[in-house]
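Structure file model-v8.cif; described as mmCIF, C-alpha atoms and all ligand atoms.
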data_model
loop_
_atom_site.group_PDB
_atom_site.id
_atom_site.type_symbol
_atom_site.label_atom_id
_atom_site.label_comp_id
_atom_site.auth_asym_id
_atom_site.auth_seq_id
_atom_site.Cartn_x
_atom_site.Cartn_y
_atom_site.Cartn_z
ATOM 1 C CA PRO A 1 -163.189 -42.355 22.589
ATOM 2 C CA ARG A 2 -160.124 -41.892 20.407
ATOM 3 C CA ALA A 3 -156.859 -41.451 22.320
ATOM 4 C CA GLN A 4 -155.684 -38.389 20.393
ATOM 5 C CA PRO A 5 -158.916 -36.773 19.172
ATOM 6 C CA LEU A 6 -157.251 -33.419 18.464
ATOM 7 C CA ALA A 7 -154.260 -34.804 16.527
ATOM 8 C CA GLY A 8 -153.460 -32.520 13.597
ATOM 9 C CA LYS A 9 -155.360 -29.568 15.118
ATOM 10 C CA ARG A 10 -153.705 -26.267 16.020
ATOM 11 C CA VAL A 11 -155.072 -24.803 19.250
ATOM 12 C CA LEU A 12 -154.326 -21.279 20.512
ATOM 13 C CA ILE A 13 -154.959 -20.417 24.160
ATOM 14 C CA THR A 14 -154.560 -17.136 26.075
ATOM 15 C CA ALA A 15 -154.129 -17.272 29.842
ATOM 16 C CA GLY A 16 -153.341 -15.167 32.881
ATOM 17 C CA PRO A 17 -153.643 -11.438 33.435
ATOM 18 C CA THR A 18 -152.082 -8.648 31.435
ATOM 19 C CA HIS A 19 -149.987 -5.966 33.111
ATOM 20 C CA GLU A 20 -150.479 -2.405 31.919
ATOM 21 C CA PRO A 21 -147.591 -0.212 33.080
ATOM 22 C CA ILE A 22 -148.154 3.001 35.070
ATOM 23 C CA ASP A 23 -144.416 3.634 35.373
ATOM 24 C CA PRO A 24 -141.350 1.325 35.402
ATOM 25 C CA VAL A 25 -142.368 -0.242 38.745
ATOM 26 C CA ARG A 26 -146.181 -0.096 38.840
ATOM 27 C CA TYR A 27 -148.967 -1.576 36.780
ATOM 28 C CA ILE A 28 -152.730 -2.130 36.480
ATOM 29 C CA ALA A 29 -153.948 -5.733 36.302
ATOM 30 C CA ASN A 30 -156.912 -8.033 36.862
ATOM 31 C CA ARG A 31 -156.781 -10.870 39.362
ATOM 32 C CA SER A 32 -155.971 -14.077 37.485
ATOM 33 C CA SER A 33 -153.901 -17.091 38.451
ATOM 34 C CA GLY A 34 -153.764 -18.474 34.904
ATOM 35 C CA LYS A 35 -154.612 -21.954 36.262
ATOM 36 C CA GLN A 36 -157.663 -22.564 34.062
ATOM 37 C CA GLY A 37 -155.923 -21.568 30.818
ATOM 38 C CA TYR A 38 -152.819 -23.635 31.636
ATOM 39 C CA ALA A 39 -155.004 -26.636 32.464
ATOM 40 C CA ILE A 40 -156.747 -26.298 29.080
ATOM 41 C CA ALA A 41 -153.366 -26.134 27.342
ATOM 42 C CA ALA A 42 -152.287 -29.363 29.073
ATOM 43 C CA ALA A 43 -155.578 -31.103 28.225
ATOM 44 C CA ALA A 44 -155.444 -30.041 24.564
ATOM 45 C CA ARG A 45 -151.841 -31.266 24.335
ATOM 46 C CA ALA A 46 -152.829 -34.592 25.925
ATOM 47 C CA ALA A 47 -155.538 -34.865 23.265
ATOM 48 C CA GLY A 48 -152.855 -34.645 20.589
ATOM 49 C CA ALA A 49 -153.206 -30.998 19.523
ATOM 50 C CA GLU A 50 -150.386 -28.652 18.596
ATOM 51 C CA VAL A 51 -150.833 -26.036 21.335
ATOM 52 C CA ILE A 52 -149.717 -22.399 21.417
ATOM 53 C CA LEU A 53 -150.119 -20.790 24.850
ATOM 54 C CA VAL A 54 -149.913 -17.003 25.006
ATOM 55 C CA SER A 55 -149.521 -16.176 28.673
ATOM 56 C CA GLY A 56 -149.493 -13.016 30.737
ATOM 57 C CA PRO A 57 -147.365 -12.883 33.898
ATOM 58 C CA VAL A 58 -148.271 -15.869 36.132
ATOM 59 C CA ASP A 59 -146.600 -17.980 38.783
ATOM 60 C CA LEU A 60 -147.058 -21.344 37.037
ATOM 61 C CA ASP A 61 -144.719 -23.866 35.447
ATOM 62 C CA GLU A 62 -144.618 -24.034 31.664
ATOM 63 C CA VAL A 63 -146.714 -26.810 30.140
ATOM 64 C CA PRO A 64 -144.557 -29.598 28.628
ATOM 65 C CA GLY A 65 -144.922 -29.964 24.870
ATOM 66 C CA VAL A 66 -146.693 -26.623 24.492
ATOM 67 C CA SER A 67 -145.278 -23.688 22.541
ATOM 68 C CA MET A 68 -145.179 -20.765 25.014
ATOM 69 C CA THR A 69 -145.190 -17.034 24.334
ATOM 70 C CA HIS A 70 -144.865 -14.779 27.377
ATOM 71 C CA VAL A 71 -146.362 -11.292 27.154
ATOM 72 C CA GLU A 72 -147.023 -8.412 29.542
ATOM 73 C CA SER A 73 -149.607 -6.056 28.064
ATOM 74 C CA ALA A 74 -152.887 -6.527 26.187
ATOM 75 C CA ARG A 75 -151.389 -5.047 23.050
ATOM 76 C CA ASP A 76 -148.485 -7.526 23.213
ATOM 77 C CA MET A 77 -150.998 -10.348 23.779
ATOM 78 C CA LEU A 78 -153.011 -9.333 20.696
ATOM 79 C CA ALA A 79 -149.833 -9.208 18.589
ATOM 80 C CA ALA A 80 -148.769 -12.687 19.792
ATOM 81 C CA VAL A 81 -152.248 -14.073 19.049
ATOM 82 C CA GLN A 82 -152.254 -12.602 15.541
ATOM 83 C CA ALA A 83 -148.785 -14.035 14.919
ATOM 84 C CA ALA A 84 -150.055 -17.526 15.844
ATOM 85 C CA LEU A 85 -152.854 -17.561 13.234
ATOM 86 C CA PRO A 86 -154.172 -19.511 11.433
ATOM 87 C CA VAL A 87 -155.421 -21.978 14.050
ATOM 88 C CA ASP A 88 -158.318 -24.457 14.160
ATOM 89 C CA ILE A 89 -159.486 -23.572 17.663
ATOM 90 C CA ALA A 90 -158.890 -20.407 19.721
ATOM 91 C CA ILE A 91 -159.656 -20.303 23.449
ATOM 92 C CA PHE A 92 -159.445 -16.945 25.229
ATOM 93 C CA ALA A 93 -159.050 -17.624 28.944
ATOM 94 C CA ALA A 94 -156.906 -14.567 29.739
ATOM 95 C CA ALA A 95 -158.161 -11.870 32.103
ATOM 96 C CA VAL A 96 -157.142 -8.952 29.908
ATOM 97 C CA ALA A 97 -157.030 -5.496 31.513
ATOM 98 C CA ASP A 98 -159.761 -3.369 29.947
ATOM 99 C CA TRP A 99 -157.740 -0.164 30.185
ATOM 100 C CA ARG A 100 -154.147 0.949 29.899
ATOM 101 C CA VAL A 101 -152.425 4.139 31.004
ATOM 102 C CA VAL A 102 -151.859 6.708 28.242
ATOM 103 C CA ASN A 103 -149.498 8.926 30.211
ATOM 104 C CA GLU A 104 -147.162 6.100 31.267
ATOM 105 C CA GLY A 105 -144.281 7.530 33.329
ATOM 106 C CA ALA A 106 -140.816 7.045 31.851
ATOM 107 C CA GLN A 107 -139.472 7.333 35.437
ATOM 108 C CA LYS A 108 -140.929 6.146 38.726
ATOM 109 C CA LEU A 109 -143.635 8.600 39.839
ATOM 110 C CA LYS A 110 -142.512 10.246 43.081
ATOM 111 C CA LYS A 111 -144.612 10.684 46.163
ATOM 112 C CA THR A 112 -143.525 14.017 47.624
ATOM 113 C CA ALA A 113 -144.976 15.957 50.543
ATOM 114 C CA GLY A 114 -147.792 18.264 49.504
ATOM 115 C CA ASN A 115 -147.890 16.929 45.938
ATOM 116 C CA ALA A 116 -151.206 16.067 44.341
ATOM 117 C CA MET A 117 -151.651 12.441 43.278
ATOM 118 C CA PRO A 118 -150.660 11.981 39.655
ATOM 119 C CA PRO A 119 -153.811 11.639 37.542
ATOM 120 C CA LEU A 120 -153.843 8.509 35.401
ATOM 121 C CA GLN A 121 -155.245 8.937 31.929
ATOM 122 C CA LEU A 122 -156.779 5.649 30.775
ATOM 123 C CA THR A 123 -157.673 4.454 27.328
ATOM 124 C CA GLU A 124 -159.393 1.257 26.238
ATOM 125 C CA ASN A 125 -157.344 -1.799 25.343
ATOM 126 C CA PRO A 126 -158.096 -3.824 22.225
ATOM 127 C CA ASP A 127 -160.603 -6.636 22.819
ATOM 128 C CA ILE A 128 -158.605 -9.653 21.648
ATOM 129 C CA LEU A 129 -161.533 -12.103 21.644
ATOM 130 C CA ALA A 130 -163.779 -9.736 19.669
ATOM 131 C CA THR A 131 -160.994 -8.821 17.253
ATOM 132 C CA ILE A 132 -160.250 -12.463 16.406
ATOM 133 C CA SER A 133 -163.964 -13.457 16.313
ATOM 134 C CA LYS A 134 -164.669 -10.757 13.734
ATOM 135 C CA LEU A 135 -161.723 -11.399 11.405
ATOM 136 C CA SER A 136 -162.703 -11.875 7.783
ATOM 137 C CA GLU A 137 -159.471 -13.699 6.976
ATOM 138 C CA HIS A 138 -158.099 -16.478 9.237
ATOM 139 C CA ARG A 139 -161.092 -16.394 11.609
ATOM 140 C CA PRO A 140 -160.611 -19.662 13.538
ATOM 141 C CA PRO A 141 -163.481 -22.128 12.881
ATOM 142 C CA LEU A 142 -164.125 -22.425 16.632
ATOM 143 C CA VAL A 143 -163.639 -19.388 18.909
ATOM 144 C CA ILE A 144 -164.278 -19.845 22.633
ATOM 145 C CA GLY A 145 -164.410 -17.033 25.201
ATOM 146 C CA PHE A 146 -164.770 -16.929 28.968
ATOM 147 C CA ALA A 147 -167.205 -14.861 30.992
ATOM 148 C CA ALA A 148 -166.480 -14.280 34.645
ATOM 149 C CA GLU A 149 -169.508 -12.663 36.207
ATOM 150 C CA THR A 150 -170.700 -11.875 39.697
ATOM 151 C CA GLU A 151 -174.409 -11.587 38.777
ATOM 152 C CA HIS A 152 -176.898 -12.488 36.004
ATOM 153 C CA LEU A 153 -174.365 -15.072 34.812
ATOM 154 C CA ILE A 154 -176.273 -16.740 31.962
ATOM 155 C CA ASP A 155 -177.914 -13.577 30.592
ATOM 156 C CA ASN A 156 -174.628 -11.709 30.616
ATOM 157 C CA ALA A 157 -172.849 -14.639 28.974
ATOM 158 C CA LYS A 158 -175.485 -14.891 26.224
ATOM 159 C CA ALA A 159 -175.133 -11.183 25.528
ATOM 160 C CA LYS A 160 -171.358 -11.623 25.462
ATOM 161 C CA ILE A 161 -171.512 -14.312 22.731
ATOM 162 C CA ALA A 162 -173.480 -11.890 20.551
ATOM 163 C CA ARG A 163 -171.347 -8.848 21.329
ATOM 164 C CA LYS A 164 -167.984 -10.542 20.874
ATOM 165 C CA GLY A 165 -168.981 -12.719 17.935
ATOM 166 C CA CYS A 166 -167.525 -15.918 19.396
ATOM 167 C CA ASP A 167 -169.055 -19.410 19.105
ATOM 168 C CA TRP A 168 -168.928 -20.673 22.676
ATOM 169 C CA ILE A 169 -168.609 -19.072 26.105
ATOM 170 C CA VAL A 170 -167.476 -20.755 29.291
ATOM 171 C CA ALA A 171 -169.318 -18.795 31.987
ATOM 172 C CA ASN A 172 -168.324 -18.884 35.619
ATOM 173 C CA ASP A 173 -169.637 -17.251 38.742
ATOM 174 C CA VAL A 174 -166.769 -15.442 40.440
ATOM 175 C CA SER A 175 -168.659 -13.843 43.319
ATOM 176 C CA PRO A 176 -166.298 -13.733 46.322
ATOM 177 C CA ALA A 177 -168.367 -16.364 48.198
ATOM 178 C CA THR A 178 -167.569 -19.024 45.553
ATOM 179 C CA GLY A 179 -163.796 -19.023 46.255
ATOM 180 C CA ILE A 180 -163.181 -19.603 42.537
ATOM 181 C CA MET A 181 -160.760 -16.701 42.101
ATOM 182 C CA GLY A 182 -157.304 -18.194 42.634
ATOM 183 C CA GLY A 183 -158.886 -21.433 43.847
ATOM 184 C CA ASP A 184 -158.568 -24.918 42.398
ATOM 185 C CA ASP A 185 -162.233 -25.567 41.600
ATOM 186 C CA ASN A 186 -164.640 -24.045 39.147
ATOM 187 C CA THR A 187 -168.410 -24.143 38.562
ATOM 188 C CA VAL A 188 -169.073 -23.443 34.924
ATOM 189 C CA HIS A 189 -171.799 -23.298 32.336
ATOM 190 C CA LEU A 190 -170.959 -23.937 28.698
ATOM 191 C CA LEU A 191 -172.940 -21.805 26.244
ATOM 192 C CA THR A 192 -172.752 -22.976 22.645
ATOM 193 C CA ARG A 193 -174.058 -21.294 19.536
ATOM 194 C CA SER A 194 -174.151 -23.445 16.453
ATOM 195 C CA THR A 195 -173.102 -21.684 13.279
ATOM 196 C CA ASP A 196 -176.365 -22.445 11.478
ATOM 197 C CA SER A 197 -178.653 -21.144 14.205
ATOM 198 C CA ALA A 198 -178.981 -18.181 16.528
ATOM 199 C CA ASP A 199 -180.051 -20.490 19.371
ATOM 200 C CA ILE A 200 -177.729 -20.761 22.317
ATOM 201 C CA ALA A 201 -177.644 -24.011 24.284
ATOM 202 C CA VAL A 202 -176.664 -23.891 27.967
ATOM 203 C CA ASP A 203 -174.978 -26.849 29.612
ATOM 204 C CA SER A 204 -174.379 -26.506 33.366
ATOM 205 C CA TRP A 205 -171.586 -28.666 34.719
ATOM 206 C CA ALA A 206 -171.260 -29.902 38.285
ATOM 207 C CA PRO A 207 -168.559 -28.179 40.369
ATOM 208 C CA MET A 208 -165.204 -29.719 39.473
ATOM 209 C CA SER A 209 -161.489 -28.999 39.501
ATOM 210 C CA LYS A 210 -159.995 -26.661 36.899
ATOM 211 C CA GLU A 211 -158.234 -29.737 35.409
ATOM 212 C CA GLN A 212 -161.603 -31.482 35.045
ATOM 213 C CA VAL A 213 -163.134 -28.369 33.474
ATOM 214 C CA ALA A 214 -160.227 -28.440 31.010
ATOM 215 C CA THR A 215 -160.608 -32.117 30.068
ATOM 216 C CA THR A 216 -164.417 -31.786 29.825
ATOM 217 C CA LEU A 217 -164.080 -28.746 27.561
ATOM 218 C CA VAL A 218 -161.492 -30.496 25.385
ATOM 219 C CA ALA A 219 -163.781 -33.545 25.100
ATOM 220 C CA ARG A 220 -166.631 -31.266 23.934
ATOM 221 C CA ILE A 221 -164.311 -29.668 21.399
ATOM 222 C CA ALA A 222 -163.228 -33.102 20.151
ATOM 223 C CA ASP A 223 -166.906 -34.034 19.633
ATOM 224 C CA THR A 224 -167.433 -30.926 17.518
ATOM 225 C CA VAL A 225 -164.390 -30.576 15.283
HETATM 226 O O1 LIG A 301 -165.750 -8.432 28.294
HETATM 227 P P1 LIG A 301 -165.096 -9.451 29.187
HETATM 228 O O2 LIG A 301 -163.741 -9.017 29.665
HETATM 229 O O3 LIG A 301 -165.955 -9.924 30.317
HETATM 230 O O4 LIG A 301 -164.897 -10.716 28.233
HETATM 231 C C1 LIG A 301 -164.211 -11.833 28.680
HETATM 232 C C2 LIG A 301 -163.697 -12.613 27.504
HETATM 233 O O5 LIG A 301 -163.104 -11.749 26.541
HETATM 234 C C3 LIG A 301 -162.589 -13.561 27.898
HETATM 235 O O6 LIG A 301 -162.616 -14.657 26.997
HETATM 236 C C4 LIG A 301 -161.337 -12.714 27.717
HETATM 237 O O7 LIG A 301 -160.183 -13.514 27.519
HETATM 238 C C5 LIG A 301 -161.697 -11.926 26.482
HETATM 239 N N1 LIG A 301 -161.087 -10.582 26.397
HETATM 240 C C6 LIG A 301 -160.102 -10.325 25.475
HETATM 241 N N2 LIG A 301 -159.574 -9.054 25.362
HETATM 242 C C7 LIG A 301 -160.019 -8.069 26.153
HETATM 243 C C8 LIG A 301 -161.031 -8.317 27.106
HETATM 244 C C9 LIG A 301 -161.538 -9.591 27.207
HETATM 245 O O8 LIG A 301 -159.687 -11.238 24.756
HETATM 246 N N3 LIG A 301 -159.497 -6.837 26.037
#
Would you mind writing the structure in this file as structure tokens?
Amino acid sequence: PRAQPLAGKRVLITAGPTHEPIDPVRYIANRSSGKQGYAIAAAARAAGAEVILVSGPVDLDEVPGVSMTHVESARDMLAAVQAALPVDIAIFAAAVADWRVVNEGAQKLKKTAGNAMPPLQLTENPDILATISKLSEHRPPLVIGFAAETEHLIDNAKAKIARKGCDWIVANDVSPATGIMGGDDNTVHLLTRSTDSADIAVDSWAPMSKEQVATTLVARIADTV
């Protein structure tokens, strides 16, 4: 294999959770360490790509040689992604919060005796993967999403490719028993839809580290582009 198979390619990656503020000190978020997205950024860089990593708040070191944008909310993440276009390959590994608080408190909400709990009014966040997959201008030639599921993994992932409009999905089983959440290993299935056919191929990989998932995914990308 070539040493730098992604030389000359621009790769955009989202990683980590988003934080949706409730008030200045509280937020809503999904569980996400950011490890898988950061590992993909490192692997794509090692393969010679120009890498832009748009990251939510995580406790990880920056990836050497990668252009980093740090964001908090889903809306900020979408704006950073749009600003990075055009790219050749876009990989959406972030665990974006589905909802944000409409009535965000300008001051810290106070817990006082006898007070009712403050009701949170939620509204839907933009779906970054779907938005970018459905662009008419600057739609990246290869758009890859992730699907973390606790049941009906493959069926849900197939439906997700269709619904979001992406090309590939990396599906992983995150049921609590697997220990994948926050862990170092991952068991994934790669679902690929070729542009000239509606068929979806499923490739199930042996359990491996998140670094190995990253290098295996990057090798598959290099075979395709
Ligand atoms: O619908 P679901 O959240 O399961 O889809 C997961 C995929 O969609 C991931 O690739 C995730 O990064 C992406 N996503 C997104 N913006 C959202 C929700 C999910 O980019 N608001």
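Between atom CA of A:Gly34 and atom CA of A:Thr18 lies a distance of 10.6 Å.
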Inset, instruction - Output the residue selection produced by the PyMOL selection byres (((not hetatm)) within 9 of (chain A and resi 301)) on the file above, formatted as an NGL selection string. - result: :A and (14-16 or 74-75 or 77-78 or 91-99 or 124-132 or 144-149 or 156-157 or 160 or 163-164 or 169-170)
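Applied to the shown file, the PyMOL selection byres (((chain A and resi 7) around 8) and not hetatm) selects the residues Gln4, Pro5, Leu6, Gly8, Lys9, Ala47, Gly48, Ala49 and Glu50 of chain A.
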Inset, instruction - Determine the residue set returned by the PyMOL selection byres (((chain A and resi 62) around 12) and not hetatm) for the present structure, and present it as a ChimeraX atom specification. - result: /A:15,34-35,37-39,41-42,52-55,57-61,63-70
Expected file contents, prior selection, C-alpha atoms, as a short mmCIF file (atom, residue, chain, number, x, y, z; two decimals), keeping the file's coordinate frame:
data_model
loop_
_atom_site.label_atom_id
_atom_site.label_comp_id
_atom_site.auth_asym_id
_atom_site.auth_seq_id
_atom_site.Cartn_x
_atom_site.Cartn_y
_atom_site.Cartn_z
CA ALA A 15 -154.13 -17.27 29.84
CA GLY A 34 -153.76 -18.47 34.90
CA LYS A 35 -154.61 -21.95 36.26
CA GLY A 37 -155.92 -21.57 30.82
CA TYR A 38 -152.82 -23.64 31.64
CA ALA A 39 -155.00 -26.64 32.46
CA ALA A 41 -153.37 -26.13 27.34
CA ALA A 42 -152.29 -29.36 29.07
CA ILE A 52 -149.72 -22.40 21.42
CA LEU A 53 -150.12 -20.79 24.85
CA VAL A 54 -149.91 -17.00 25.01
CA SER A 55 -149.52 -16.18 28.67
CA PRO A 57 -147.36 -12.88 33.90
CA VAL A 58 -148.27 -15.87 36.13
CA ASP A 59 -146.60 -17.98 38.78
CA LEU A 60 -147.06 -21.34 37.04
CA ASP A 61 -144.72 -23.87 35.45
CA VAL A 63 -146.71 -26.81 30.14
CA PRO A 64 -144.56 -29.60 28.63
CA GLY A 65 -144.92 -29.96 24.87
CA VAL A 66 -146.69 -26.62 24.49
CA SER A 67 -145.28 -23.69 22.54
CA MET A 68 -145.18 -20.76 25.01
CA THR A 69 -145.19 -17.03 24.33
CA HIS A 70 -144.86 -14.78 27.38
#
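Here atom CA of A:Leu190 stands at a distance of 13.0 Å from atom CA of A:Val143.
Between atom CA of A:Gln36 and atom CA of A:Leu191 the separation is 17.2 Å.
Between A:Ser32 and the residues A:Val101, A:Val174, A:Ala198, A:Ala90, the shortest atom-to-atom distance, using all atoms listed in the file, involves A:Val174.
Proximity to A:Met208 at 9 Å, evaluated using all atoms listed in the file and with sequence-adjacent residues fewer than 6 positions away removed, yields Asp184, Asp185, Asn186, Thr187 and Val188 of chain A.
In this comparison, which uses only C-alpha atoms, the residue of A:Met117, A:Ala106, A:Ala29, A:Leu12 approaching A:Ala83 most closely is A:Leu12.
Shortest atom-to-atom contact with A:Val213 among A:Asp76, A:Ile40, A:Ser194, A:Tyr27: A:Ile40, counting only C-alpha atoms.
Across A:Val11, A:Ala43, A:Ala162, A:Leu135, the tightest approach to A:Ile200 is made by A:Ala162 when counting all atoms listed in the file.
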Inset, instruction - Point out the residue among A:Val51, A:Ile22, A:Val202, A:Val218 with the least atom-to-atom distance to A:Gln121, counting all atoms listed in the file. - result: A:Ile22
Using the file's own x, y and z axes, what box holds all listed atoms of stretch 39-56 of chain A with 4 Å on each side, keeping edges along x, y and z, and what are its centre and edge lengths in Å to one decimal, as lines of an AutoDock Vina configuration file?
center_x = -153.1
center_y = -23.9
center_z = 25.5
size_x = 15.3
size_y = 29.8
size_z = 21.9
